[in-house]
>>> print(open('start-v8.txt').read())   # compact mmCIF, C-alpha atoms
# COMPACT_ATOMS: atom_id res chain seq x y z
CA MET A 1 -6.33 8.27 39.94
CA PRO A 2 -7.57 8.37 36.31
CA ASP A 3 -9.86 5.60 35.12
CA ILE A 4 -8.34 3.82 32.12
CA GLU A 5 -10.01 1.11 30.07
CA SER A 6 -9.38 -0.38 26.67
CA LEU A 7 -12.18 -0.92 24.20
CA SER A 8 -10.38 -3.90 22.73
CA GLN A 9 -9.77 -6.95 24.91
CA HIS A 10 -9.34 -9.37 22.01
CA ASP A 11 -6.23 -10.50 20.19
CA HIS A 12 -4.61 -7.73 18.16
CA LEU A 13 -5.49 -9.11 14.75
CA PHE A 14 -5.43 -6.06 12.48
CA LEU A 15 -5.05 -7.61 9.03
CA GLY A 16 -7.04 -6.36 6.05
CA ARG A 17 -10.03 -8.06 4.51
CA GLY A 18 -9.06 -10.87 2.16
CA HIS A 19 -5.48 -10.94 3.48
CA LEU A 20 -4.95 -14.62 2.68
CA ALA A 21 -6.48 -14.30 -0.80
CA ALA A 22 -4.25 -11.31 -1.57
CA GLU A 23 -1.24 -13.29 -0.37
CA ARG A 24 -2.09 -16.18 -2.68
CA ARG A 25 -2.60 -13.88 -5.67
CA THR A 26 0.76 -12.24 -5.07
CA TRP A 27 2.53 -15.60 -4.98
CA ALA A 28 0.73 -16.58 -8.21
CA VAL A 29 2.05 -13.46 -9.95
CA ILE A 30 5.55 -14.22 -8.69
CA VAL A 31 5.33 -17.70 -10.24
CA LEU A 32 4.16 -16.16 -13.53
CA CYS A 33 7.03 -13.65 -13.52
CA ALA A 34 9.57 -16.35 -12.61
CA ILE A 35 8.43 -18.58 -15.49
CA MET A 36 8.61 -15.63 -17.88
CA MET A 37 12.02 -14.64 -16.55
CA LEU A 38 13.47 -18.14 -17.02
CA ALA A 39 11.93 -18.48 -20.48
CA GLU A 40 13.46 -15.18 -21.62
CA ILE A 41 16.90 -15.85 -20.17
CA ILE A 42 17.06 -19.42 -21.48
CA GLY A 43 15.60 -18.38 -24.84
CA GLY A 44 18.06 -15.51 -25.11
CA ALA A 45 20.96 -17.82 -24.35
CA LEU A 46 19.81 -20.42 -26.89
CA PHE A 47 19.10 -17.94 -29.68
CA GLY A 48 21.88 -15.47 -28.92
CA SER A 49 19.51 -12.61 -28.10
CA LEU A 50 21.05 -10.12 -25.67
CA ALA A 51 17.81 -8.11 -25.63
CA LEU A 52 15.84 -11.16 -24.52
CA ILE A 53 18.33 -11.86 -21.73
CA ALA A 54 18.21 -8.22 -20.63
CA ASP A 55 14.41 -8.28 -20.47
CA GLY A 56 14.58 -11.51 -18.47
CA LEU A 57 16.91 -9.88 -15.96
CA HIS A 58 14.55 -6.90 -15.79
CA MET A 59 11.71 -9.33 -15.05
CA SER A 60 13.78 -10.69 -12.15
CA THR A 61 13.78 -7.26 -10.45
CA HIS A 62 10.02 -7.14 -10.99
CA ALA A 63 9.63 -10.57 -9.35
CA GLY A 64 11.89 -9.46 -6.49
CA ALA A 65 9.67 -6.48 -5.70
CA LEU A 66 6.60 -8.72 -5.70
CA LEU A 67 8.43 -11.20 -3.48
CA LEU A 68 8.78 -8.45 -0.90
CA ALA A 69 4.99 -7.95 -0.94
CA ALA A 70 4.30 -11.69 -0.67
CA LEU A 71 6.70 -12.14 2.26
CA ALA A 72 5.08 -9.19 4.03
CA TYR A 73 1.67 -10.87 3.70
CA THR A 74 3.05 -14.19 4.92
CA TYR A 75 4.97 -12.71 7.84
CA ALA A 76 2.06 -10.53 8.96
CA ARG A 77 -0.28 -13.53 8.97
CA LYS A 78 2.19 -15.86 10.68
CA TYR A 79 2.92 -13.46 13.54
CA ALA A 80 -0.50 -11.81 13.75
CA ASN A 81 -1.03 -13.08 17.32
CA ASP A 82 2.55 -12.65 18.49
CA ARG A 83 2.33 -10.54 21.65
CA ARG A 84 5.75 -9.04 20.98
CA PHE A 85 3.99 -6.80 18.47
CA SER A 86 2.05 -4.46 20.75
CA PHE A 87 -0.40 -3.38 18.06
CA GLY A 88 -0.31 -6.43 15.80
CA THR A 89 1.34 -6.89 12.42
CA GLY A 90 -1.06 -4.88 10.28
CA LYS A 91 1.66 -2.39 9.34
CA PHE A 92 3.92 -4.93 7.67
CA GLY A 93 2.16 -4.24 4.41
CA ASP A 94 2.84 -0.51 4.77
CA LEU A 95 6.50 -1.23 5.52
CA ALA A 96 6.74 -3.40 2.41
CA GLY A 97 4.92 -0.74 0.39
CA TYR A 98 7.37 1.92 1.57
CA SER A 99 10.31 -0.29 0.60
CA SER A 100 8.76 -0.98 -2.80
CA ALA A 101 8.28 2.75 -3.34
CA ILE A 102 12.01 3.28 -2.79
CA VAL A 103 12.76 0.53 -5.33
CA LEU A 104 10.38 2.20 -7.79
CA ALA A 105 12.13 5.54 -7.30
CA MET A 106 15.49 3.92 -8.03
CA ILE A 107 14.08 2.26 -11.16
CA ALA A 108 12.73 5.65 -12.31
CA LEU A 109 16.15 7.22 -11.84
CA LEU A 110 17.88 4.43 -13.78
CA ILE A 111 15.40 4.65 -16.66
CA ALA A 112 15.74 8.45 -16.78
CA TYR A 113 19.54 8.22 -16.77
CA GLU A 114 19.53 5.65 -19.56
CA ALA A 115 17.03 7.72 -21.56
CA VAL A 116 19.14 10.88 -21.32
CA SER A 117 22.27 8.91 -22.26
CA ARG A 118 20.56 7.53 -25.37
CA LEU A 119 19.23 10.94 -26.34
CA LEU A 120 22.77 12.31 -26.26
CA ASN A 121 24.36 9.21 -27.78
CA PRO A 122 21.83 7.26 -29.91
CA VAL A 123 22.42 3.54 -30.29
CA PRO A 124 21.17 1.24 -33.08
CA ILE A 125 17.92 -0.59 -32.25
CA SER A 126 16.93 -4.09 -33.41
CA PHE A 127 13.27 -3.24 -34.00
CA ASN A 128 12.15 -6.67 -35.16
CA GLU A 129 13.33 -8.16 -31.89
CA ALA A 130 12.68 -5.32 -29.45
CA ILE A 131 9.01 -4.74 -30.35
CA PRO A 132 7.86 -8.37 -29.80
CA ILE A 133 9.76 -8.49 -26.49
CA ALA A 134 8.07 -5.27 -25.32
CA ALA A 135 4.69 -6.68 -26.40
CA LEU A 136 5.37 -9.91 -24.52
CA GLY A 137 6.32 -7.94 -21.42
CA LEU A 138 3.09 -5.95 -21.70
CA ALA A 139 1.07 -9.17 -21.93
CA VAL A 140 2.70 -10.53 -18.78
CA ASN A 141 1.99 -7.28 -16.93
CA VAL A 142 -1.65 -7.27 -18.03
CA ALA A 143 -2.00 -10.86 -16.78
CA SER A 144 -0.28 -9.90 -13.50
CA ALA A 145 -2.58 -6.90 -13.01
CA TRP A 146 -5.59 -9.14 -13.61
CA LEU A 147 -4.39 -11.61 -10.98
CA LEU A 148 -3.70 -8.90 -8.43
CA SER A 149 -6.83 -6.85 -9.00
CA GLY A 150 -9.13 -9.11 -6.99
CA GLY A 151 -7.93 -7.88 -3.59
CA TYR A 152 -7.23 -4.27 -4.52
CA HIS A 153 -10.88 -3.49 -5.32
CA HIS A 154 -11.95 -4.15 -1.75
CA ASP A 155 -9.94 -1.44 0.00
CA HIS A 156 -13.21 0.12 1.20
CA GLU A 157 -14.04 -2.92 3.33
CA HIS A 158 -12.62 -4.57 6.38
CA ASP A 159 -13.26 -7.54 8.57
CA HIS A 160 -12.33 -8.01 12.16
CA ASP A 161 -13.81 -9.91 15.02
CA HIS A 162 -14.38 -7.57 17.95
CA ASP A 163 -15.96 -8.30 21.27
CA HIS A 164 -17.73 -4.93 21.23
CA ALA A 165 -21.00 -4.36 19.42
CA HIS A 166 -21.34 -1.65 16.77
CA THR A 167 -24.62 -0.21 17.97
CA HIS A 168 -24.40 3.08 16.08
CA GLU A 169 -23.92 4.16 12.51
CA HIS A 170 -20.53 3.47 11.00
CA VAL A 171 -19.17 6.98 10.41
CA HIS A 172 -15.92 8.04 8.81
CA GLY A 173 -14.77 10.77 6.46
CA ASN A 174 -12.55 9.10 3.88
CA VAL A 175 -11.48 5.55 3.15
CA ALA A 176 -7.74 6.07 2.67
CA HIS A 177 -7.06 4.13 5.86
CA HIS A 178 -8.78 1.07 4.33
CA ARG A 179 -6.23 0.75 1.53
CA ASP A 180 -4.01 -2.28 1.43
CA ASN A 181 -0.75 -0.47 0.68
CA ASN A 182 1.08 -3.75 0.20
CA MET A 183 -1.27 -4.78 -2.63
CA ARG A 184 -1.21 -1.20 -3.87
CA ALA A 185 2.60 -1.29 -4.11
CA ALA A 186 2.54 -4.63 -5.96
CA THR A 187 -0.09 -3.26 -8.35
CA VAL A 188 1.90 -0.07 -8.93
CA HIS A 189 4.96 -2.17 -9.85
CA VAL A 190 2.89 -4.05 -12.43
CA LEU A 191 1.19 -0.93 -13.80
CA ALA A 192 4.49 0.96 -13.96
CA ASP A 193 6.03 -1.84 -15.97
CA ALA A 194 2.95 -1.99 -18.21
CA ALA A 195 3.01 1.78 -18.76
CA VAL A 196 6.68 1.67 -19.72
CA SER A 197 5.98 -1.26 -22.08
CA VAL A 198 3.23 0.73 -23.84
CA LEU A 199 5.44 3.80 -24.16
CA VAL A 200 8.34 1.69 -25.42
CA ILE A 201 6.16 -0.01 -28.05
CA VAL A 202 4.87 3.38 -29.25
CA GLY A 203 8.39 4.80 -29.30
CA LEU A 204 9.81 1.82 -31.16
CA VAL A 205 7.03 1.80 -33.77
CA LEU A 206 7.46 5.53 -34.46
CA ALA A 207 11.23 5.20 -34.53
CA ARG A 208 11.03 2.34 -37.05
CA SER A 209 8.36 4.04 -39.20
CA PHE A 210 9.88 7.51 -39.38
CA GLY A 211 13.49 7.00 -38.36
CA TRP A 212 12.96 8.97 -35.15
CA LEU A 213 15.49 7.19 -32.96
CA TRP A 214 14.97 9.83 -30.29
CA MET A 215 11.39 8.59 -29.74
CA ASP A 216 12.58 5.45 -27.93
CA PRO A 217 14.57 7.27 -25.19
CA LEU A 218 11.89 9.98 -25.00
CA ALA A 219 9.26 7.32 -24.30
CA GLY A 220 11.54 5.88 -21.63
CA PHE A 221 11.97 9.28 -20.02
CA ILE A 222 8.21 9.87 -19.92
CA GLY A 223 7.81 6.45 -18.33
CA ALA A 224 10.39 7.37 -15.70
CA LEU A 225 8.39 10.50 -14.81
CA VAL A 226 5.20 8.45 -14.45
CA ILE A 227 6.93 5.90 -12.20
CA ALA A 228 8.52 8.68 -10.11
CA ASN A 229 5.10 10.25 -9.55
CA TRP A 230 3.56 6.95 -8.42
CA SER A 231 6.57 6.30 -6.21
CA ALA A 232 6.31 9.71 -4.51
CA ARG A 233 2.61 9.19 -3.74
CA LEU A 234 3.27 5.71 -2.36
CA LEU A 235 6.15 7.00 -0.22
CA ARG A 236 3.96 9.79 1.14
CA ASP A 237 1.05 7.52 2.06
CA THR A 238 3.03 4.61 3.52
CA GLY A 239 5.48 6.92 5.28
CA GLY A 240 2.54 8.67 6.97
CA VAL A 241 1.24 5.33 8.23
CA LEU A 242 4.65 4.27 9.58
CA LEU A 243 4.97 7.62 11.39
CA ASP A 244 1.44 7.29 12.86
CA ARG A 245 0.08 10.33 11.06
CA THR A 246 -3.61 10.94 11.79
CA PRO A 247 -5.24 8.99 8.93
CA ASP A 248 -8.58 10.81 8.91
CA ALA A 249 -8.86 14.33 10.34
CA GLN A 250 -12.63 14.35 9.82
CA MET A 251 -13.07 11.15 11.78
CA ALA A 252 -10.83 12.48 14.57
CA GLU A 253 -13.11 15.52 14.79
CA GLN A 254 -16.18 13.27 14.87
CA VAL A 255 -14.67 11.27 17.73
CA ARG A 256 -13.99 14.49 19.62
CA ASN A 257 -17.52 15.79 19.01
CA THR A 258 -19.06 12.48 20.10
CA ILE A 259 -17.22 12.58 23.42
CA GLU A 260 -17.84 16.29 24.06
CA ALA A 261 -21.55 16.17 23.13
CA GLU A 262 -22.48 15.83 26.81
CA GLY A 263 -20.35 18.71 28.03
CA ASP A 264 -17.14 16.77 28.76
CA GLN A 265 -13.76 17.83 27.37
CA VAL A 266 -11.30 15.81 25.30
CA THR A 267 -7.89 16.81 26.62
CA ASP A 268 -5.86 14.49 24.40
CA LEU A 269 -6.68 12.46 21.30
CA HIS A 270 -4.46 10.21 19.21
CA LEU A 271 -5.77 8.41 16.12
CA TRP A 272 -3.55 6.18 14.02
CA ARG A 273 -3.69 3.26 11.60
CA LEU A 274 -3.09 -0.29 12.84
CA GLY A 275 -3.68 -2.03 9.51
CA PRO A 276 -5.98 -1.88 6.48
CA GLY A 277 -9.40 -0.83 7.81
CA HIS A 278 -8.25 -0.81 11.43
CA LEU A 279 -7.64 2.33 13.47
CA GLY A 280 -6.36 2.74 17.01
CA ALA A 281 -7.28 5.62 19.31
CA ILE A 282 -6.24 6.92 22.71
CA VAL A 283 -8.68 9.39 24.22
CA SER A 284 -8.23 11.38 27.43
CA VAL A 285 -11.44 12.89 28.81
CA ALA A 286 -11.91 15.43 31.59
CA THR A 287 -15.36 15.35 33.20
CA THR A 288 -17.02 16.98 36.19
CA GLY A 289 -19.58 14.18 36.32
CA GLN A 290 -19.40 10.60 37.53
CA ARG A 291 -19.08 8.98 34.10
CA GLU A 292 -16.55 6.17 33.83
CA ALA A 293 -14.56 4.84 30.87
CA ALA A 294 -17.25 2.30 29.98
CA HIS A 295 -19.65 5.14 29.21
CA TYR A 296 -17.31 6.59 26.59
CA ARG A 297 -16.59 3.16 25.21
CA ARG A 298 -20.27 2.73 24.46
CA ARG A 299 -20.40 6.13 22.74
CA LEU A 300 -17.42 5.27 20.53
CA ALA A 301 -18.78 1.83 19.61
CA GLY A 302 -20.49 3.41 16.61
CA PHE A 303 -17.15 3.95 14.88
CA ALA A 304 -16.64 0.54 13.30
CA ASP A 305 -13.13 1.44 12.11
CA LEU A 306 -11.92 1.85 15.68
CA SER A 307 -10.45 -1.58 16.33
CA HIS A 308 -8.49 -0.67 19.45
CA VAL A 309 -9.48 2.20 21.74
CA THR A 310 -8.07 3.20 25.11
CA VAL A 311 -10.08 5.69 27.18
CA GLU A 312 -8.64 7.65 30.09
CA VAL A 313 -11.08 9.55 32.32
CA GLN A 314 -10.01 12.27 34.71
CA HIS A 315 -12.62 13.48 37.18
CA THR A 316 -12.30 17.19 37.89
CA PRO A 317 -14.25 19.19 40.49
CA ALA A 318 -17.05 21.35 39.15
CA ALA A 319 -16.37 25.05 39.08
CA SER A 320 -18.03 26.79 42.01
CA GLY A 321 -20.69 29.34 41.00
>>> encode(input="start-v8.txt", output="structure tokens")
Amino acid sequence: MPDIESLSQHDHLFLGRGHLAAERRTWAVIVLCAIMMLAEIIGGALFGSLALIADGLHMSTHAGALLLAALAYTYARKYANDRRFSFGTGKFGDLAGYSSAIVLAMIALLIAYEAVSRLLNPVPISFNEAIPIAALGLAVNVASAWLLSGGYHHDHEHDHDHDHAHTHEHVHGNVAHHRDNNMRAATVHVLADAAVSVLVIVGLVLARSFGWLWMDPLAGFIGALVIANWSARLLRDTGGVLLDRTPDAQMAEQVRNTIEAEGDQVTDLHLWRLGPGHLGAIVSVATTGQREAAHYRRRLAGFADLSHVTVEVQHTPAASG
């Protein structure tokens, strides 16, 4: 009968560092976008500006994407100790990030389609109205990025309360598994909108100065390519987390080497992400000695990122000489 023990006997709380602060910042940005959206729509209706109304409606899609991120934070925190979630709710942010990446991809396609349409069939542009609106949108995005940036700079850290002591050096290869993909997705939405605003302003100024009407749709098309690139990277990273791809091959090799340093053999090893800065591992060990699971637990305690580890030990007879 194999000996199986889990390194983690505590509640499965696998939320990232500063989760609550990131949640509050996201809600603050939503409020900012909502105020801006209402101001543009109401102002457009009062002053007969279709462009202002259109930008307000665009801001509503921006707020909707951020709302998805905020709800993911709230839901993950509210149900963090719900035992129906076998490995906690740390992946809700990755799920929200994946959904946001799909929305970004759709936005990129729509912008590209509109840009090509305007290249083929140019339309008159109200420069005196369009440029200030684009500048206002840029200002809102800069303010939003500033509000969101507080949590995104700490993706190299984590906090969790474990009942096991980290008696060895904290070793890992890369820090990709520390990223808060929910905050990353919200930030990408803001930066994508800001990048498009900058390109639009440049395109509009050149079009007004030199009569190059094609500059406006060209700027939009370039913006669509930038957004598509960010979306593809976000889809790749969050999709890998949702499919339990090994987040750090170097760390997996270090875990294997740590276990096999005494002559034992790792027969099976699974390493996956539970949440920002939290990894889970299942390790099967074949040994000819009398070592039990607790021995391997102590050896793995040096990997501070391992928040939930299950060790299975199979005792095999020594080969006769």
>>> atom_distance(input="start-v8.txt", atom1="atom CA of Gly239 of chain A", atom2="atom CA of Phe92 of chain A")
12.2 Å
>>> closest_atom_pairs(input="start-v8.txt", of="segment 45-130 of chain A", to="segment 207-227 of chain A", cutoff="8 Å", atoms="only C-alpha atoms", output="CSV")
residue,atom,partner,partner_atom,distance
A:Leu104,CA,A:Ile227,CA,6.7
A:Ala105,CA,A:Ile227,CA,7.2
A:Ile107,CA,A:Ala224,CA,7.8
A:Ala108,CA,A:Ala224,CA,4.5
A:Leu109,CA,A:Ala224,CA,6.9
A:Ile111,CA,A:Ala224,CA,5.8
A:Ala112,CA,A:Phe221,CA,5.0
A:Glu114,CA,A:Pro217,CA,7.7
A:Ala115,CA,A:Pro217,CA,4.4
A:Val116,CA,A:Pro217,CA,7.0
A:Arg118,CA,A:Pro217,CA,6.0
A:Leu119,CA,A:Trp214,CA,5.9
A:Pro122,CA,A:Leu213,CA,7.0
A:Phe127,CA,A:Arg208,CA,6.7
>>> write_last_selection(input="start-v8.txt", atoms="C-alpha atoms", output="compact mmCIF listing (two decimals), in the frame of the given file")
# COMPACT_ATOMS: atom_id res chain seq x y z
CA LEU A 104 10.38 2.20 -7.79
CA ALA A 105 12.13 5.54 -7.30
CA ILE A 107 14.08 2.26 -11.16
CA ALA A 108 12.73 5.65 -12.31
CA LEU A 109 16.15 7.22 -11.84
CA ILE A 111 15.40 4.65 -16.66
CA ALA A 112 15.74 8.45 -16.78
CA GLU A 114 19.53 5.65 -19.56
CA ALA A 115 17.03 7.72 -21.56
CA VAL A 116 19.14 10.88 -21.32
CA ARG A 118 20.56 7.53 -25.37
CA LEU A 119 19.23 10.94 -26.34
CA PRO A 122 21.83 7.26 -29.91
CA PHE A 127 13.27 -3.24 -34.00
>>> closest_residue(input="start-v8.txt", among="A:Ala70, A:Ala22, A:Leu279, A:Ala286", to="Phe303 of chain A", atoms="all atoms listed in the file")
A:Leu279
>>> closest_residue(input="start-v8.txt", among="A:Thr26, A:Thr316, A:Ser100, A:Ser307", to="Leu147 of chain A", atoms="all atoms listed in the file")
A:Thr26
>>> residues_around(input="start-v8.txt", residues="Val283 of chain A", least_positions_apart="2", cutoff="8 Å", atoms="only C-alpha atoms", output="short mmCIF file (atom, residue, chain, number, x, y, z; two decimals) with C-alpha atoms, in the frame of the given file")
data_model
loop_
_atom_site.label_atom_id
_atom_site.label_comp_id
_atom_site.auth_asym_id
_atom_site.auth_seq_id
_atom_site.Cartn_x
_atom_site.Cartn_y
_atom_site.Cartn_z
CA VAL A 266 -11.30 15.81 25.30
CA THR A 267 -7.89 16.81 26.62
CA ASP A 268 -5.86 14.49 24.40
CA LEU A 269 -6.68 12.46 21.30
CA HIS A 270 -4.46 10.21 19.21
CA ALA A 281 -7.28 5.62 19.31
CA VAL A 285 -11.44 12.89 28.81
CA VAL A 309 -9.48 2.20 21.74
CA THR A 310 -8.07 3.20 25.11
CA VAL A 311 -10.08 5.69 27.18
CA GLU A 312 -8.64 7.65 30.09
#
>>> closest_residue(input="start-v8.txt", among="A:His62, A:Ile41, A:Thr74, A:His278", to="Leu20 of chain A", atoms="all atoms listed in the file")
A:Thr74
>>> decode(input="start-v8.txt", residues="segment 254-277 of chain A", atoms="N, CA and C atoms", output="PDB file, in the first residue's frame")
ATOM      1  N   GLN A 254      14.072  20.987 -10.706  1.00  0.00           N
ATOM      2  CA  GLN A 254      14.674  21.150  -9.380  1.00  0.00           C
ATOM      3  C   GLN A 254      13.970  20.285  -8.346  1.00  0.00           C
ATOM      4  N   VAL A 255      12.645  20.196  -8.439  1.00  0.00           N
ATOM      5  CA  VAL A 255      11.887  19.334  -7.530  1.00  0.00           C
ATOM      6  C   VAL A 255      12.314  17.877  -7.732  1.00  0.00           C
ATOM      7  N   ARG A 256      12.419  17.478  -8.981  1.00  0.00           N
ATOM      8  CA  ARG A 256      12.835  16.101  -9.283  1.00  0.00           C
ATOM      9  C   ARG A 256      14.237  15.822  -8.727  1.00  0.00           C
ATOM     10  N   ASN A 257      15.163  16.751  -8.954  1.00  0.00           N
ATOM     11  CA  ASN A 257      16.534  16.561  -8.486  1.00  0.00           C
ATOM     12  C   ASN A 257      16.614  16.521  -6.966  1.00  0.00           C
ATOM     13  N   THR A 258      15.795  17.327  -6.298  1.00  0.00           N
ATOM     14  CA  THR A 258      15.776  17.349  -4.838  1.00  0.00           C
ATOM     15  C   THR A 258      15.344  16.006  -4.281  1.00  0.00           C
ATOM     16  N   ILE A 259      14.326  15.404  -4.888  1.00  0.00           N
ATOM     17  CA  ILE A 259      13.823  14.118  -4.422  1.00  0.00           C
ATOM     18  C   ILE A 259      14.813  12.995  -4.739  1.00  0.00           C
ATOM     19  N   GLU A 260      15.429  13.053  -5.910  1.00  0.00           N
ATOM     20  CA  GLU A 260      16.293  11.955  -6.354  1.00  0.00           C
ATOM     21  C   GLU A 260      17.728  12.082  -5.866  1.00  0.00           C
ATOM     22  N   ALA A 261      18.027  13.140  -5.081  1.00  0.00           N
ATOM     23  CA  ALA A 261      19.404  13.366  -4.623  1.00  0.00           C
ATOM     24  C   ALA A 261      19.911  12.240  -3.733  1.00  0.00           C
ATOM     25  N   GLU A 262      19.012  11.516  -3.089  1.00  0.00           N
ATOM     26  CA  GLU A 262      19.406  10.439  -2.182  1.00  0.00           C
ATOM     27  C   GLU A 262      19.270   9.059  -2.814  1.00  0.00           C
ATOM     28  N   GLY A 263      19.128   9.018  -4.130  1.00  0.00           N
ATOM     29  CA  GLY A 263      19.081   7.738  -4.820  1.00  0.00           C
ATOM     30  C   GLY A 263      17.686   7.204  -5.087  1.00  0.00           C
ATOM     31  N   ASP A 264      16.647   7.936  -4.653  1.00  0.00           N
ATOM     32  CA  ASP A 264      15.272   7.511  -4.937  1.00  0.00           C
ATOM     33  C   ASP A 264      14.903   7.900  -6.365  1.00  0.00           C
ATOM     34  N   GLN A 265      13.740   7.448  -6.820  1.00  0.00           N
ATOM     35  CA  GLN A 265      13.323   7.742  -8.189  1.00  0.00           C
ATOM     36  C   GLN A 265      11.938   8.371  -8.200  1.00  0.00           C
ATOM     37  N   VAL A 266      11.812   9.502  -8.905  1.00  0.00           N
ATOM     38  CA  VAL A 266      10.502  10.117  -9.111  1.00  0.00           C
ATOM     39  C   VAL A 266       9.845   9.425 -10.295  1.00  0.00           C
ATOM     40  N   THR A 267       8.755   8.727 -10.048  1.00  0.00           N
ATOM     41  CA  THR A 267       8.075   8.000 -11.116  1.00  0.00           C
ATOM     42  C   THR A 267       6.966   8.826 -11.768  1.00  0.00           C
ATOM     43  N   ASP A 268       6.515   9.857 -11.074  1.00  0.00           N
ATOM     44  CA  ASP A 268       5.471  10.713 -11.649  1.00  0.00           C
ATOM     45  C   ASP A 268       5.537  12.072 -10.959  1.00  0.00           C
ATOM     46  N   LEU A 269       5.408  13.131 -11.748  1.00  0.00           N
ATOM     47  CA  LEU A 269       5.484  14.481 -11.202  1.00  0.00           C
ATOM     48  C   LEU A 269       4.541  15.390 -11.964  1.00  0.00           C
ATOM     49  N   HIS A 270       3.662  16.035 -11.242  1.00  0.00           N
ATOM     50  CA  HIS A 270       2.741  17.016 -11.832  1.00  0.00           C
ATOM     51  C   HIS A 270       2.903  18.330 -11.083  1.00  0.00           C
ATOM     52  N   LEU A 271       3.119  19.399 -11.839  1.00  0.00           N
ATOM     53  CA  LEU A 271       3.280  20.737 -11.271  1.00  0.00           C
ATOM     54  C   LEU A 271       2.343  21.673 -12.006  1.00  0.00           C
ATOM     55  N   TRP A 272       1.494  22.382 -11.270  1.00  0.00           N
ATOM     56  CA  TRP A 272       0.542  23.275 -11.920  1.00  0.00           C
ATOM     57  C   TRP A 272       0.282  24.490 -11.034  1.00  0.00           C
ATOM     58  N   ARG A 273      -0.329  25.499 -11.635  1.00  0.00           N
ATOM     59  CA  ARG A 273      -0.594  26.751 -10.922  1.00  0.00           C
ATOM     60  C   ARG A 273      -1.965  26.720 -10.266  1.00  0.00           C
ATOM     61  N   LEU A 274      -2.009  27.121  -8.990  1.00  0.00           N
ATOM     62  CA  LEU A 274      -3.255  27.199  -8.235  1.00  0.00           C
ATOM     63  C   LEU A 274      -3.788  28.627  -8.161  1.00  0.00           C
ATOM     64  N   GLY A 275      -2.894  29.590  -8.296  1.00  0.00           N
ATOM     65  CA  GLY A 275      -3.233  31.001  -8.214  1.00  0.00           C
ATOM     66  C   GLY A 275      -1.948  31.800  -8.312  1.00  0.00           C
ATOM     67  N   PRO A 276      -2.019  33.120  -8.315  1.00  0.00           N
ATOM     68  CA  PRO A 276      -0.802  33.930  -8.416  1.00  0.00           C
ATOM     69  C   PRO A 276       0.187  33.625  -7.288  1.00  0.00           C
ATOM     70  N   GLY A 277       1.359  33.097  -7.629  1.00  0.00           N
ATOM     71  CA  GLY A 277       2.370  32.786  -6.624  1.00  0.00           C
ATOM     72  C   GLY A 277       2.151  31.500  -5.878  1.00  0.00           C
TER      73      GLY A 277
END
